[in-house]
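> What follows is upload.cif, mmCIF, C-alpha atoms.
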data_coords
#
loop_
_atom_site.group_PDB
_atom_site.id
_atom_site.type_symbol
_atom_site.label_atom_id
_atom_site.label_comp_id
_atom_site.auth_asym_id
_atom_site.auth_seq_id
_atom_site.Cartn_x
_atom_site.Cartn_y
_atom_site.Cartn_z
ATOM 1 C CA MET A 89 -1.464 -5.169 7.768
ATOM 2 C CA ASN A 90 1.246 -5.898 5.207
ATOM 3 C CA PHE A 91 2.639 -9.372 5.809
ATOM 4 C CA VAL A 92 4.714 -9.560 2.644
ATOM 5 C CA GLU A 93 7.702 -7.612 3.876
ATOM 6 C CA SER A 94 11.193 -7.555 2.437
ATOM 7 C CA TYR A 95 13.385 -10.199 4.059
ATOM 8 C CA LYS A 96 16.908 -11.216 3.141
ATOM 9 C CA THR A 97 16.439 -14.885 3.946
ATOM 10 C CA LEU A 98 12.697 -15.486 3.496
ATOM 11 C CA ASN A 99 10.064 -15.239 0.809
ATOM 12 C CA VAL A 100 6.570 -14.610 2.166
ATOM 13 C CA ASP A 101 3.338 -14.897 0.200
ATOM 14 C CA VAL A 102 -0.256 -14.674 1.380
ATOM 15 C CA GLU A 103 -3.002 -16.155 -0.796
ATOM 16 C CA GLY A 104 -6.431 -15.778 0.727
ATOM 17 C CA ASN A 105 -6.333 -17.398 4.157
ATOM 18 C CA ILE A 106 -3.071 -19.263 3.494
ATOM 19 C CA ALA A 107 0.410 -17.853 4.160
ATOM 20 C CA TYR A 108 3.556 -19.394 2.674
ATOM 21 C CA ILE A 109 6.964 -18.855 4.250
ATOM 22 C CA THR A 110 9.859 -20.110 2.144
ATOM 23 C CA MET A 111 13.366 -20.163 3.586
ATOM 24 C CA ASN A 112 15.581 -18.674 0.901
ATOM 25 C CA ARG A 113 19.204 -19.714 1.358
ATOM 26 C CA PRO A 114 19.253 -22.511 -1.223
ATOM 27 C CA LYS A 115 23.030 -22.511 -1.759
ATOM 28 C CA GLN A 116 23.472 -23.110 1.987
ATOM 29 C CA LEU A 117 20.642 -25.713 2.007
ATOM 30 C CA ASN A 118 18.644 -23.181 4.045
ATOM 31 C CA ALA A 119 21.000 -23.500 7.000
ATOM 32 C CA LEU A 120 19.640 -21.457 9.896
ATOM 33 C CA ASN A 121 22.047 -18.589 10.487
ATOM 34 C CA GLU A 122 21.436 -15.601 12.763
ATOM 35 C CA ASP A 123 19.650 -13.624 10.043
ATOM 36 C CA LEU A 124 17.302 -16.445 9.104
ATOM 37 C CA ILE A 125 16.455 -17.230 12.730
ATOM 38 C CA SER A 126 15.803 -13.555 13.506
ATOM 39 C CA GLU A 127 13.748 -12.953 10.364
ATOM 40 C CA MET A 128 11.739 -16.145 10.863
ATOM 41 C CA ALA A 129 10.851 -15.087 14.406
ATOM 42 C CA GLN A 130 9.909 -11.590 13.217
ATOM 43 C CA CYS A 131 7.836 -12.892 10.312
ATOM 44 C CA LEU A 132 5.958 -15.389 12.481
ATOM 45 C CA LYS A 133 5.170 -12.694 15.057
ATOM 46 C CA GLU A 134 3.727 -10.462 12.328
ATOM 47 C CA LEU A 135 1.657 -13.272 10.827
ATOM 48 C CA LYS A 136 0.426 -14.233 14.284
ATOM 49 C CA LYS A 137 -1.469 -10.929 14.426
ATOM 50 C CA SER A 138 -3.487 -11.764 11.320
ATOM 51 C CA GLU A 139 -7.233 -12.203 11.637
ATOM 52 C CA THR A 140 -7.529 -13.678 8.135
ATOM 53 C CA VAL A 141 -4.687 -16.210 7.806
ATOM 54 C CA LYS A 142 -5.861 -19.647 8.978
ATOM 55 C CA ILE A 143 -3.141 -21.883 7.503
ATOM 56 C CA LEU A 144 0.628 -21.434 7.417
ATOM 57 C CA VAL A 145 2.887 -23.424 5.083
ATOM 58 C CA LEU A 146 6.600 -23.582 5.880
ATOM 59 C CA GLN A 147 9.019 -24.769 3.199
ATOM 60 C CA GLY A 148 12.547 -24.413 1.867
ATOM 61 C CA SER A 149 13.762 -23.188 -1.503
ATOM 62 C CA GLY A 150 16.094 -25.335 -3.588
ATOM 63 C CA PRO A 151 17.010 -28.935 -2.783
ATOM 64 C CA ALA A 152 16.464 -28.907 1.001
ATOM 65 C CA PHE A 153 14.020 -27.888 3.713
ATOM 66 C CA SER A 154 16.839 -26.928 6.104
ATOM 67 C CA SER A 155 20.171 -28.591 6.827
ATOM 68 C CA GLY A 156 20.108 -27.246 10.397
ATOM 69 C CA GLY A 157 22.141 -24.607 12.196
ATOM 70 C CA ASP A 158 24.767 -22.836 10.118
ATOM 71 C CA ILE A 159 28.005 -24.486 11.290
ATOM 72 C CA LYS A 160 30.173 -22.243 9.103
ATOM 73 C CA GLU A 161 28.762 -19.156 10.816
ATOM 74 C CA MET A 162 29.207 -20.822 14.206
ATOM 75 C CA LEU A 163 32.890 -21.436 13.438
ATOM 76 C CA GLN A 164 33.361 -17.783 12.577
ATOM 77 C CA LYS A 165 32.193 -16.915 16.101
ATOM 78 C CA PRO A 166 34.113 -19.341 18.305
ATOM 79 C CA ASN A 167 33.476 -17.446 21.569
ATOM 80 C CA ASN A 168 30.264 -17.527 23.554
ATOM 81 C CA ASP A 169 29.556 -13.775 23.574
ATOM 82 C CA ASP A 170 26.433 -14.048 21.412
ATOM 83 C CA PHE A 171 25.427 -17.568 22.433
ATOM 84 C CA PHE A 172 22.574 -16.721 24.798
ATOM 85 C CA VAL A 173 21.152 -14.078 22.456
ATOM 86 C CA ILE A 174 21.084 -16.587 19.599
ATOM 87 C CA MET A 175 19.532 -19.282 21.777
ATOM 88 C CA ASP A 176 16.854 -16.850 22.968
ATOM 89 C CA ASN A 177 16.088 -15.983 19.331
ATOM 90 C CA ILE A 178 15.793 -19.691 18.528
ATOM 91 C CA GLY A 179 13.435 -20.084 21.474
ATOM 92 C CA GLU A 180 11.330 -17.157 20.311
ATOM 93 C CA MET A 181 11.120 -18.602 16.779
ATOM 94 C CA ILE A 182 10.053 -22.044 17.982
ATOM 95 C CA GLU A 183 7.600 -20.828 20.623
ATOM 96 C CA THR A 184 5.940 -18.468 18.157
ATOM 97 C CA LEU A 185 5.549 -21.209 15.538
ATOM 98 C CA TYR A 186 4.281 -23.696 18.126
ATOM 99 C CA THR A 187 1.605 -21.280 19.373
ATOM 100 C CA MET A 188 0.490 -19.812 16.025
ATOM 101 C CA PRO A 189 -3.320 -19.387 16.054
ATOM 102 C CA MET A 190 -3.552 -21.188 12.717
ATOM 103 C CA LEU A 191 -2.872 -24.633 11.305
ATOM 104 C CA THR A 192 0.790 -25.029 10.386
ATOM 105 C CA VAL A 193 2.325 -27.500 7.960
ATOM 106 C CA SER A 194 5.984 -28.080 7.061
ATOM 107 C CA CYS A 195 6.824 -29.496 3.632
ATOM 108 C CA ILE A 196 10.103 -31.429 3.654
ATOM 109 C CA GLN A 197 12.168 -32.191 0.607
ATOM 110 C CA GLY A 198 15.845 -33.034 0.865
ATOM 111 C CA ALA A 199 17.417 -32.446 4.253
ATOM 112 C CA ALA A 200 15.609 -31.587 7.474
ATOM 113 C CA ALA A 201 18.341 -31.928 10.061
ATOM 114 C CA GLY A 202 19.213 -30.651 13.520
ATOM 115 C CA LEU A 203 17.600 -27.295 14.199
ATOM 116 C CA GLY A 204 15.898 -27.562 10.798
ATOM 117 C CA LEU A 205 14.113 -30.688 12.009
ATOM 118 C CA SER A 206 13.180 -28.981 15.297
ATOM 119 C CA LEU A 207 11.605 -26.193 13.244
ATOM 120 C CA ALA A 208 9.562 -28.669 11.200
ATOM 121 C CA LEU A 209 8.487 -30.567 14.320
ATOM 122 C CA ALA A 210 7.123 -27.341 15.833
ATOM 123 C CA SER A 211 4.438 -27.316 13.152
ATOM 124 C CA ASP A 212 1.146 -29.197 13.428
ATOM 125 C CA TYR A 213 1.607 -31.372 10.366
ATOM 126 C CA ILE A 214 4.590 -32.573 8.349
ATOM 127 C CA LEU A 215 4.519 -33.646 4.707
ATOM 128 C CA ALA A 216 7.692 -35.221 3.360
ATOM 129 C CA ASP A 217 9.151 -36.786 0.257
ATOM 130 C CA PRO A 218 9.965 -40.482 0.850
ATOM 131 C CA GLU A 219 13.572 -39.815 -0.166
ATOM 132 C CA SER A 220 14.049 -36.806 2.103
ATOM 133 C CA LYS A 221 16.827 -36.963 4.697
ATOM 134 C CA ILE A 222 15.616 -36.608 8.286
ATOM 135 C CA ALA A 223 18.096 -36.388 11.165
ATOM 136 C CA MET A 224 18.281 -35.131 14.738
ATOM 137 C CA ASN A 225 22.052 -35.218 14.387
ATOM 138 C CA PHE A 226 23.466 -32.846 17.008
ATOM 139 C CA ILE A 227 25.226 -35.818 18.579
ATOM 140 C CA GLY A 228 27.609 -35.939 15.609
ATOM 141 C CA ILE A 229 29.350 -32.798 16.842
ATOM 142 C CA GLY A 230 28.993 -33.519 20.546
ATOM 143 C CA LEU A 231 25.942 -31.331 21.114
ATOM 144 C CA ILE A 232 22.339 -31.842 22.242
ATOM 145 C CA PRO A 233 19.164 -30.915 20.334
ATOM 146 C CA ASP A 234 17.998 -27.326 20.657
ATOM 147 C CA GLY A 235 14.999 -25.468 19.292
ATOM 148 C CA ALA A 236 12.925 -27.546 21.767
ATOM 149 C CA GLY A 237 14.024 -30.676 19.915
ATOM 150 C CA HIS A 238 13.748 -32.742 23.114
ATOM 151 C CA PHE A 239 10.197 -31.529 23.808
ATOM 152 C CA LEU A 240 9.007 -31.918 20.213
ATOM 153 C CA MET A 241 10.534 -35.377 19.764
ATOM 154 C CA GLU A 242 8.985 -36.491 23.059
ATOM 155 C CA ASN A 243 5.570 -35.246 21.900
ATOM 156 C CA ARG A 244 5.701 -37.410 18.794
ATOM 157 C CA LEU A 245 7.599 -40.482 19.973
ATOM 158 C CA GLY A 246 7.544 -40.586 23.761
ATOM 159 C CA ALA A 247 10.628 -39.911 25.858
ATOM 160 C CA HIS A 248 12.189 -43.372 25.576
ATOM 161 C CA ALA A 249 12.038 -43.598 21.785
ATOM 162 C CA ALA A 250 13.023 -39.924 21.403
ATOM 163 C CA LYS A 251 16.099 -40.495 23.542
ATOM 164 C CA LYS A 252 17.235 -43.369 21.332
ATOM 165 C CA VAL A 253 16.764 -41.370 18.134
ATOM 166 C CA ILE A 254 18.718 -38.439 19.594
ATOM 167 C CA TRP A 255 21.553 -40.653 20.801
ATOM 168 C CA ASP A 256 21.745 -42.484 17.471
ATOM 169 C CA GLY A 257 21.668 -39.327 15.362
ATOM 170 C CA LYS A 258 21.429 -41.268 12.101
ATOM 171 C CA VAL A 259 20.051 -39.912 8.855
ATOM 172 C CA MET A 260 16.662 -41.480 8.087
ATOM 173 C CA SER A 261 14.750 -41.460 4.837
ATOM 174 C CA GLY A 262 11.339 -39.852 4.841
ATOM 175 C CA THR A 263 9.872 -43.351 4.742
ATOM 176 C CA GLU A 264 11.824 -44.422 7.857
ATOM 177 C CA ALA A 265 10.843 -41.236 9.702
ATOM 178 C CA HIS A 266 7.192 -41.785 8.785
ATOM 179 C CA THR A 267 7.275 -45.369 10.058
ATOM 180 C CA LEU A 268 8.798 -44.112 13.306
ATOM 181 C CA GLY A 269 6.108 -41.456 13.720
ATOM 182 C CA LEU A 270 8.100 -38.271 13.102
ATOM 183 C CA ILE A 271 6.387 -37.530 9.783
ATOM 184 C CA ASP A 272 2.612 -37.299 9.332
ATOM 185 C CA GLN A 273 2.292 -37.980 5.613
ATOM 186 C CA LEU A 274 4.497 -39.058 2.716
ATOM 187 C CA VAL A 275 4.116 -38.079 -0.920
ATOM 188 C CA GLN A 276 2.449 -41.080 -2.585
ATOM 189 C CA ASP A 277 1.952 -40.011 -6.193
ATOM 190 C CA GLY A 278 2.958 -36.826 -7.909
ATOM 191 C CA SER A 279 4.942 -34.058 -6.263
ATOM 192 C CA LEU A 280 5.226 -32.594 -2.793
ATOM 193 C CA GLN A 281 3.307 -29.574 -4.093
ATOM 194 C CA ASP A 282 0.511 -31.833 -5.356
ATOM 195 C CA GLU A 283 0.267 -33.518 -1.956
ATOM 196 C CA LEU A 284 0.234 -30.136 -0.230
ATOM 197 C CA ASN A 285 -2.522 -28.848 -2.507
ATOM 198 C CA THR A 286 -4.619 -31.930 -1.740
ATOM 199 C CA LEU A 287 -4.147 -31.388 1.998
ATOM 200 C CA LEU A 288 -5.006 -27.687 1.755
ATOM 201 C CA SER A 289 -8.112 -28.501 -0.274
ATOM 202 C CA LYS A 290 -9.178 -31.025 2.385
ATOM 203 C CA TRP A 291 -8.604 -28.525 5.193
ATOM 204 C CA SER A 292 -10.518 -25.811 3.308
ATOM 205 C CA LYS A 293 -13.666 -27.918 3.718
ATOM 206 C CA LYS A 294 -13.157 -28.280 7.488
ATOM 207 C CA PRO A 295 -14.368 -25.996 10.308
ATOM 208 C CA LEU A 296 -10.971 -24.323 10.657
ATOM 209 C CA LYS A 297 -11.924 -22.255 13.690
ATOM 210 C CA ALA A 298 -12.742 -25.416 15.634
ATOM 211 C CA MET A 299 -9.503 -27.085 14.516
ATOM 212 C CA ILE A 300 -7.482 -24.035 15.522
ATOM 213 C CA LYS A 301 -9.219 -23.865 18.907
ATOM 214 C CA THR A 302 -8.202 -27.468 19.649
ATOM 215 C CA LYS A 303 -4.624 -26.685 18.593
ATOM 216 C CA THR A 304 -4.613 -23.577 20.820
ATOM 217 C CA ILE A 305 -5.832 -25.501 23.866
ATOM 218 C CA TYR A 306 -3.046 -28.041 23.509
ATOM 219 C CA SER A 307 -0.346 -25.436 22.838
ATOM 220 C CA GLN A 308 -1.362 -23.256 25.777
ATOM 221 C CA MET A 309 -1.520 -26.220 28.154
ATOM 222 C CA ASN A 310 1.998 -27.238 27.095
ATOM 223 C CA LEU A 311 3.524 -23.764 26.843
ATOM 224 C CA GLU A 312 5.267 -23.704 30.219
ATOM 225 C CA LYS A 313 6.680 -27.171 29.567
ATOM 226 C CA LEU A 314 8.010 -25.988 26.189
ATOM 227 C CA ARG A 315 9.647 -22.969 27.816
ATOM 228 C CA SER A 316 11.224 -25.161 30.476
ATOM 229 C CA TYR A 317 12.706 -27.434 27.817
ATOM 230 C CA LEU A 318 14.091 -24.431 25.929
ATOM 231 C CA GLU A 319 15.753 -23.148 29.090
ATOM 232 C CA HIS A 320 17.276 -26.540 29.916
ATOM 233 C CA GLU A 321 18.515 -26.871 26.328
ATOM 234 C CA LYS A 322 20.113 -23.429 26.445
ATOM 235 C CA LYS A 323 22.054 -24.254 29.593
ATOM 236 C CA GLY A 324 22.915 -27.750 28.382
ATOM 237 C CA GLN A 325 24.072 -26.559 24.968
ATOM 238 C CA TYR A 326 26.336 -23.959 26.572
ATOM 239 C CA GLU A 327 27.916 -26.705 28.655
ATOM 240 C CA MET A 328 28.316 -29.041 25.653
ATOM 241 C CA ARG A 329 29.935 -26.315 23.533
ATOM 242 C CA ASN A 330 32.800 -26.270 26.013
ATOM 243 C CA THR A 331 33.533 -30.016 25.946
ATOM 244 C CA LYS A 332 36.468 -31.788 24.310
ATOM 245 C CA ASP A 333 33.996 -33.996 22.436
ATOM 246 C CA HIS A 334 32.396 -30.959 20.798
ATOM 247 C CA ARG A 335 35.769 -29.628 19.721
ATOM 248 C CA GLU A 336 36.607 -33.055 18.294
ATOM 249 C CA GLY A 337 33.258 -33.204 16.512
ATOM 250 C CA ILE A 338 33.859 -29.843 14.860
ATOM 251 C CA GLN A 339 37.432 -30.768 13.900
ATOM 252 C CA ALA A 340 36.235 -34.043 12.395
ATOM 253 C CA PHE A 341 33.540 -32.148 10.473
ATOM 254 C CA LEU A 342 36.143 -29.793 9.020
ATOM 255 C CA GLU A 343 38.472 -32.667 8.147
ATOM 256 C CA LYS A 344 35.609 -34.747 6.748
ATOM 257 C CA ARG A 345 36.395 -37.782 8.903
ATOM 258 C CA PRO A 346 34.549 -39.756 11.600
ATOM 259 C CA PRO A 347 34.936 -38.156 15.058
ATOM 260 C CA VAL A 348 36.794 -39.938 17.850
ATOM 261 C CA PHE A 349 34.870 -39.117 21.012
ATOM 262 C CA LYS A 350 36.208 -39.818 24.483
ATOM 263 C CA GLY A 351 33.263 -38.789 26.624
ATOM 264 C CA GLU A 352 35.035 -35.646 27.813
#
Represent the structure from my file as C-alpha cells, please.

Amino acid sequence: MNFVESYKTLNVDVEGNIAYITMNRPKQLNALNEDLISEMAQCLKELKKSETVKILVLQGSGPAFSSGGDIKEMLQKPNNDDFFVIMDNIGEMIETLYTMPMLTVSCIQGAAAGLGLSLALASDYILADPESKIAMNFIGIGLIPDGAGHFLMENRLGAHAAKKVIWDGKVMSGTEAHTLGLIDQLVQDGSLQDELNTLLSKWSKKPLKAMIKTKTIYSQMNLEKLRSYLEHEKKGQYEMRNTKDHREGIQAFLEKRPPVFKGE
C-alpha cells in the first residue's frame, strides 16, 4: 500500500514503522481549511489500514503547528450551506486520529489554537516548545470548541477545569499548558526534533503491540462518548454562528480591536 500520496496541504513520509504527517500551509500558519481537513481525514484513513506503521507523528511546517480553523476561508463562505459537511469532515478527521491503531504524537511549535489544538489533543502524546502558544480560543469570536475540543479537554483536565479554560480562551505558553496538564512533555534541552527523536527511541524499545492494545481499549470504550460530543458541538456551533456575539467577534477580528459582546 502506498501511503506517500500527493496531497496539496500535507507532506507524508513513512520511515520503517513510523509515519510523519506534516501540515504544509506555512504561510497561513497551517490554518485548517476545507482542503487540509479533508486531506488529513483521507490520509489518516489510509494510514489506519497499515499493518507496519506503529507510530504516527503529527507536526506543522514553518513557524506554527496550526493556528486553528481558517477564518479567512470561513468569511468567504458566510452562509451555512456547507457547514454540516465541513463539521462532519472535522468529526471524521478527529475520530480517525483518536482511534488510530498506533501510538500518535503531536509536536507543537508556535501556535496550536482552536481546532489546531483539538487536533493535537486527539493524539496520545503531545510534545511542545516552552514558548509555543496554546489556546482554546473559540470564545474570542463567540463560538464554542469543535473537533471534540470539549471531550478532549475534559479527558485531560476534568470538566470543571476544562470549562474554565474554554471560557477564558487565553493564549498560554507551552510551559503554562504543561503545568495545567494539557501538554505531556516540554523540550528541555536542544530542539523539538531532538526531543522527538529521544521519545521515539524510547518507544522503539517498548512492547508497542501491548501499548497499542491499551490505547485501543480506551479509545473503543470512549468512542460513543466522543461521537456524542461531536454531534452536540455541531449543533451548538451552528447555533453560535447565528448569534450577534459571533458577528461582533468576527467584525472585531477584521478591525483588529477587542470585541464588545452583549450576550446575544
> Counting all atoms listed in the file, which residue out of A:Met309, A:Leu144, A:Leu296, A:Ile232 sits closest to Cys131 (chain A)?
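Looking at the shortest contact to Cys131 (chain A), the residue is A:Leu144.
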> What does the distance from CA of Pro189 (chain A) to CA of Ala223 (chain A) come to in Å, to one decimal?
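Pair CA of Pro189 (chain A) / CA of Ala223 (chain A) returns 27.8 Å.
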> Within 8 Å of region 280-282 of chain A, counting only C-alpha atoms, which residues show up once you throw out same-chain ones fewer than 3 positions away? Write them as number ranges by chain, please.
A: 195, 197, 215-217, 275, 285-286
> Between A:Gly246, A:Gly228, A:Gly237, A:Gly257, which one has atoms that come closest to Ile178 (chain A), using only C-alpha atoms?
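So, comparing all the options, the nearest one is A:Gly237.
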> Which one of A:Tyr186, A:Phe226, A:Phe172, A:Tyr108 sits closest to Ile143 (chain A) if you count all atoms listed in the file?
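Looking only at the distances to Ile143 (chain A), the closest residue turns out to be A:Tyr108.
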> Taking 2 positions as the minimum chain separation for residues in the same chain, which residues sit within 8 Å of Ser126 (chain A) when counting only C-alpha atoms? Answer as JSON, numbers by chain.
{"A": [122, 123, 124, 128, 129, 130, 177, 178, 181]}
> Just so the selection is clear, what residues does the PyMOL selection byres ((chain A and resi 97) around 10) cover here, as a PyMOL selection string?
chain A and resi 94-96+98-99+110-114+118+120-121+123-128
> Output as AutoDock Vina command-line options the centre and edge lengths (Å, one decimal) of the box along x, y and z of the file that holds every listed atom of region 287-294 of chain A after adding 3 Å on each side.

--center_x -8.9 --center_y -28.6 --center_z 3.6 --size_x 15.5 --size_y 11.6 --size_z 13.8
> Using all atoms listed in the file for the distances, tell me which of A:Met299, A:Val102, A:Ile182, A:Val348 is nearest to Leu203 (chain A).
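Going through A:Met299, A:Val102, A:Ile182, A:Val348 one by one, the smallest distance to Leu203 (chain A) is for A:Ile182.
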> Measuring between only C-alpha atoms, which one of A:Ala298, A:His334, A:Pro151, A:Arg329 shows the shortest distance to Phe171 (chain A)?
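The closest residue to Phe171 (chain A) is A:Arg329.
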> Apply the PyMOL selection byres ((chain A and resi 205-209) around 9) to the displayed file and report the matching residues as a PyMOL selection string.
chain A and resi 146-147+153-156+181-182+185-186+193-196+199-204+210-214+222-224+233-238+240-241+244+270-271
> Any idea what the distance is between CA of Gln325 (chain A) and CA of Glu264 (chain A)?
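Pair CA of Gln325 (chain A) / CA of Glu264 (chain A) returns 27.6 Å.
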> As an exercise, work out the distance from CA of Ser149 (chain A) to CA of Asp272 (chain A) in Å and give it to one decimal place.
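Interatomic distance, CA of Ser149 (chain A) to CA of Asp272 (chain A): 21.0 Å.
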> Using all atoms listed in the file, pick whichever of A:Gly269, A:Leu318, A:Leu284, A:Gln339 has the shortest atom-to-atom distance to Ala250 (chain A).
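Among A:Gly269, A:Leu318, A:Leu284, A:Gln339, it is A:Gly269 that comes nearest to Ala250 (chain A).
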> Please determine the residues with any atom at most 8 Å from (-4.9, -17.8, 1.5) (coordinates as given in the file, with only C-alpha atoms counting) and report them as a PyMOL selection string.
chain A and resi 102-107+141-143
> Quick one: residues within 8 Å of Pro347 (chain A), all atoms listed in the file, excluding same-chain residues fewer than 6 positions away - as a PyMOL selection string?
chain A and resi 228-229+336-337+339-341
> Enumerate, as an MDAnalysis selection string, the residues matched when the PyMOL selection byres ((chain A and resi 327) around 12) is run on the file above.
chainID A and resid 168 171:172 230:232 320:326 328:334 352
> Can you take the partial region 319-345 of chain A, add N, CA and C atoms, and return it as a PDB file, in the frame of the given file?

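Heads up, here's the output in rebuild_25.pdb:
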ATOM      1  N   GLU A 319      14.793 -23.652  28.112  1.00  0.00           N
ATOM      2  CA  GLU A 319      15.753 -23.148  29.090  1.00  0.00           C
ATOM      3  C   GLU A 319      16.785 -24.216  29.437  1.00  0.00           C
ATOM      4  N   HIS A 320      16.340 -25.452  29.633  1.00  0.00           N
ATOM      5  CA  HIS A 320      17.276 -26.540  29.916  1.00  0.00           C
ATOM      6  C   HIS A 320      18.212 -26.782  28.728  1.00  0.00           C
ATOM      7  N   GLU A 321      17.681 -26.689  27.518  1.00  0.00           N
ATOM      8  CA  GLU A 321      18.515 -26.871  26.328  1.00  0.00           C
ATOM      9  C   GLU A 321      19.559 -25.773  26.210  1.00  0.00           C
ATOM     10  N   LYS A 322      19.168 -24.545  26.526  1.00  0.00           N
ATOM     11  CA  LYS A 322      20.113 -23.429  26.445  1.00  0.00           C
ATOM     12  C   LYS A 322      21.288 -23.640  27.388  1.00  0.00           C
ATOM     13  N   LYS A 323      20.988 -24.013  28.618  1.00  0.00           N
ATOM     14  CA  LYS A 323      22.054 -24.254  29.593  1.00  0.00           C
ATOM     15  C   LYS A 323      22.885 -25.479  29.207  1.00  0.00           C
ATOM     16  N   GLY A 324      22.205 -26.534  28.759  1.00  0.00           N
ATOM     17  CA  GLY A 324      22.915 -27.750  28.382  1.00  0.00           C
ATOM     18  C   GLY A 324      23.787 -27.552  27.158  1.00  0.00           C
ATOM     19  N   GLN A 325      23.289 -26.791  26.184  1.00  0.00           N
ATOM     20  CA  GLN A 325      24.072 -26.559  24.968  1.00  0.00           C
ATOM     21  C   GLN A 325      25.312 -25.726  25.266  1.00  0.00           C
ATOM     22  N   TYR A 326      25.170 -24.761  26.167  1.00  0.00           N
ATOM     23  CA  TYR A 326      26.336 -23.959  26.572  1.00  0.00           C
ATOM     24  C   TYR A 326      27.405 -24.860  27.181  1.00  0.00           C
ATOM     25  N   GLU A 327      26.978 -25.775  28.030  1.00  0.00           N
ATOM     26  CA  GLU A 327      27.916 -26.705  28.655  1.00  0.00           C
ATOM     27  C   GLU A 327      28.572 -27.604  27.611  1.00  0.00           C
ATOM     28  N   MET A 328      27.774 -28.125  26.668  1.00  0.00           N
ATOM     29  CA  MET A 328      28.316 -29.041  25.653  1.00  0.00           C
ATOM     30  C   MET A 328      29.283 -28.337  24.701  1.00  0.00           C
ATOM     31  N   ARG A 329      29.041 -27.056  24.428  1.00  0.00           N
ATOM     32  CA  ARG A 329      29.935 -26.315  23.533  1.00  0.00           C
ATOM     33  C   ARG A 329      31.347 -26.191  24.099  1.00  0.00           C
ATOM     34  N   ASN A 330      31.486 -26.412  25.374  1.00  0.00           N
ATOM     35  CA  ASN A 330      32.800 -26.270  26.013  1.00  0.00           C
ATOM     36  C   ASN A 330      33.445 -27.620  26.340  1.00  0.00           C
ATOM     37  N   THR A 331      32.958 -28.699  25.709  1.00  0.00           N
ATOM     38  CA  THR A 331      33.533 -30.016  25.946  1.00  0.00           C
ATOM     39  C   THR A 331      34.587 -30.360  24.897  1.00  0.00           C
ATOM     40  N   LYS A 332      35.461 -31.282  25.266  1.00  0.00           N
ATOM     41  CA  LYS A 332      36.468 -31.788  24.310  1.00  0.00           C
ATOM     42  C   LYS A 332      35.783 -32.546  23.171  1.00  0.00           C
ATOM     43  N   ASP A 333      34.701 -33.256  23.482  1.00  0.00           N
ATOM     44  CA  ASP A 333      33.996 -33.996  22.436  1.00  0.00           C
ATOM     45  C   ASP A 333      33.430 -33.065  21.376  1.00  0.00           C
ATOM     46  N   HIS A 334      32.917 -31.908  21.789  1.00  0.00           N
ATOM     47  CA  HIS A 334      32.396 -30.959  20.798  1.00  0.00           C
ATOM     48  C   HIS A 334      33.524 -30.442  19.914  1.00  0.00           C
ATOM     49  N   ARG A 335      34.643 -30.107  20.522  1.00  0.00           N
ATOM     50  CA  ARG A 335      35.769 -29.628  19.721  1.00  0.00           C
ATOM     51  C   ARG A 335      36.234 -30.702  18.743  1.00  0.00           C
ATOM     52  N   GLU A 336      36.242 -31.954  19.179  1.00  0.00           N
ATOM     53  CA  GLU A 336      36.607 -33.055  18.294  1.00  0.00           C
ATOM     54  C   GLU A 336      35.578 -33.221  17.185  1.00  0.00           C
ATOM     55  N   GLY A 337      34.301 -33.082  17.521  1.00  0.00           N
ATOM     56  CA  GLY A 337      33.258 -33.204  16.512  1.00  0.00           C
ATOM     57  C   GLY A 337      33.381 -32.155  15.427  1.00  0.00           C
ATOM     58  N   ILE A 338      33.680 -30.923  15.827  1.00  0.00           N
ATOM     59  CA  ILE A 338      33.859 -29.843  14.860  1.00  0.00           C
ATOM     60  C   ILE A 338      35.110 -30.086  14.008  1.00  0.00           C
ATOM     61  N   GLN A 339      36.207 -30.503  14.644  1.00  0.00           N
ATOM     62  CA  GLN A 339      37.432 -30.768  13.900  1.00  0.00           C
ATOM     63  C   GLN A 339      37.228 -31.892  12.885  1.00  0.00           C
ATOM     64  N   ALA A 340      36.517 -32.928  13.307  1.00  0.00           N
ATOM     65  CA  ALA A 340      36.235 -34.043  12.395  1.00  0.00           C
ATOM     66  C   ALA A 340      35.358 -33.581  11.233  1.00  0.00           C
ATOM     67  N   PHE A 341      34.400 -32.694  11.527  1.00  0.00           N
ATOM     68  CA  PHE A 341      33.540 -32.148  10.473  1.00  0.00           C
ATOM     69  C   PHE A 341      34.374 -31.393   9.444  1.00  0.00           C
ATOM     70  N   LEU A 342      35.296 -30.575   9.917  1.00  0.00           N
ATOM     71  CA  LEU A 342      36.143 -29.793   9.020  1.00  0.00           C
ATOM     72  C   LEU A 342      37.065 -30.693   8.197  1.00  0.00           C
ATOM     73  N   GLU A 343      37.540 -31.755   8.823  1.00  0.00           N
ATOM     74  CA  GLU A 343      38.472 -32.667   8.147  1.00  0.00           C
ATOM     75  C   GLU A 343      37.750 -33.791   7.405  1.00  0.00           C
ATOM     76  N   LYS A 344      36.436 -33.781   7.461  1.00  0.00           N
ATOM     77  CA  LYS A 344      35.609 -34.747   6.748  1.00  0.00           C
ATOM     78  C   LYS A 344      35.996 -36.186   7.099  1.00  0.00           C
ATOM     79  N   ARG A 345      36.053 -36.451   8.403  1.00  0.00           N
ATOM     80  CA  ARG A 345      36.395 -37.782   8.903  1.00  0.00           C
ATOM     81  C   ARG A 345      35.467 -38.119  10.071  1.00  0.00           C
TER      82      ARG A 345
END
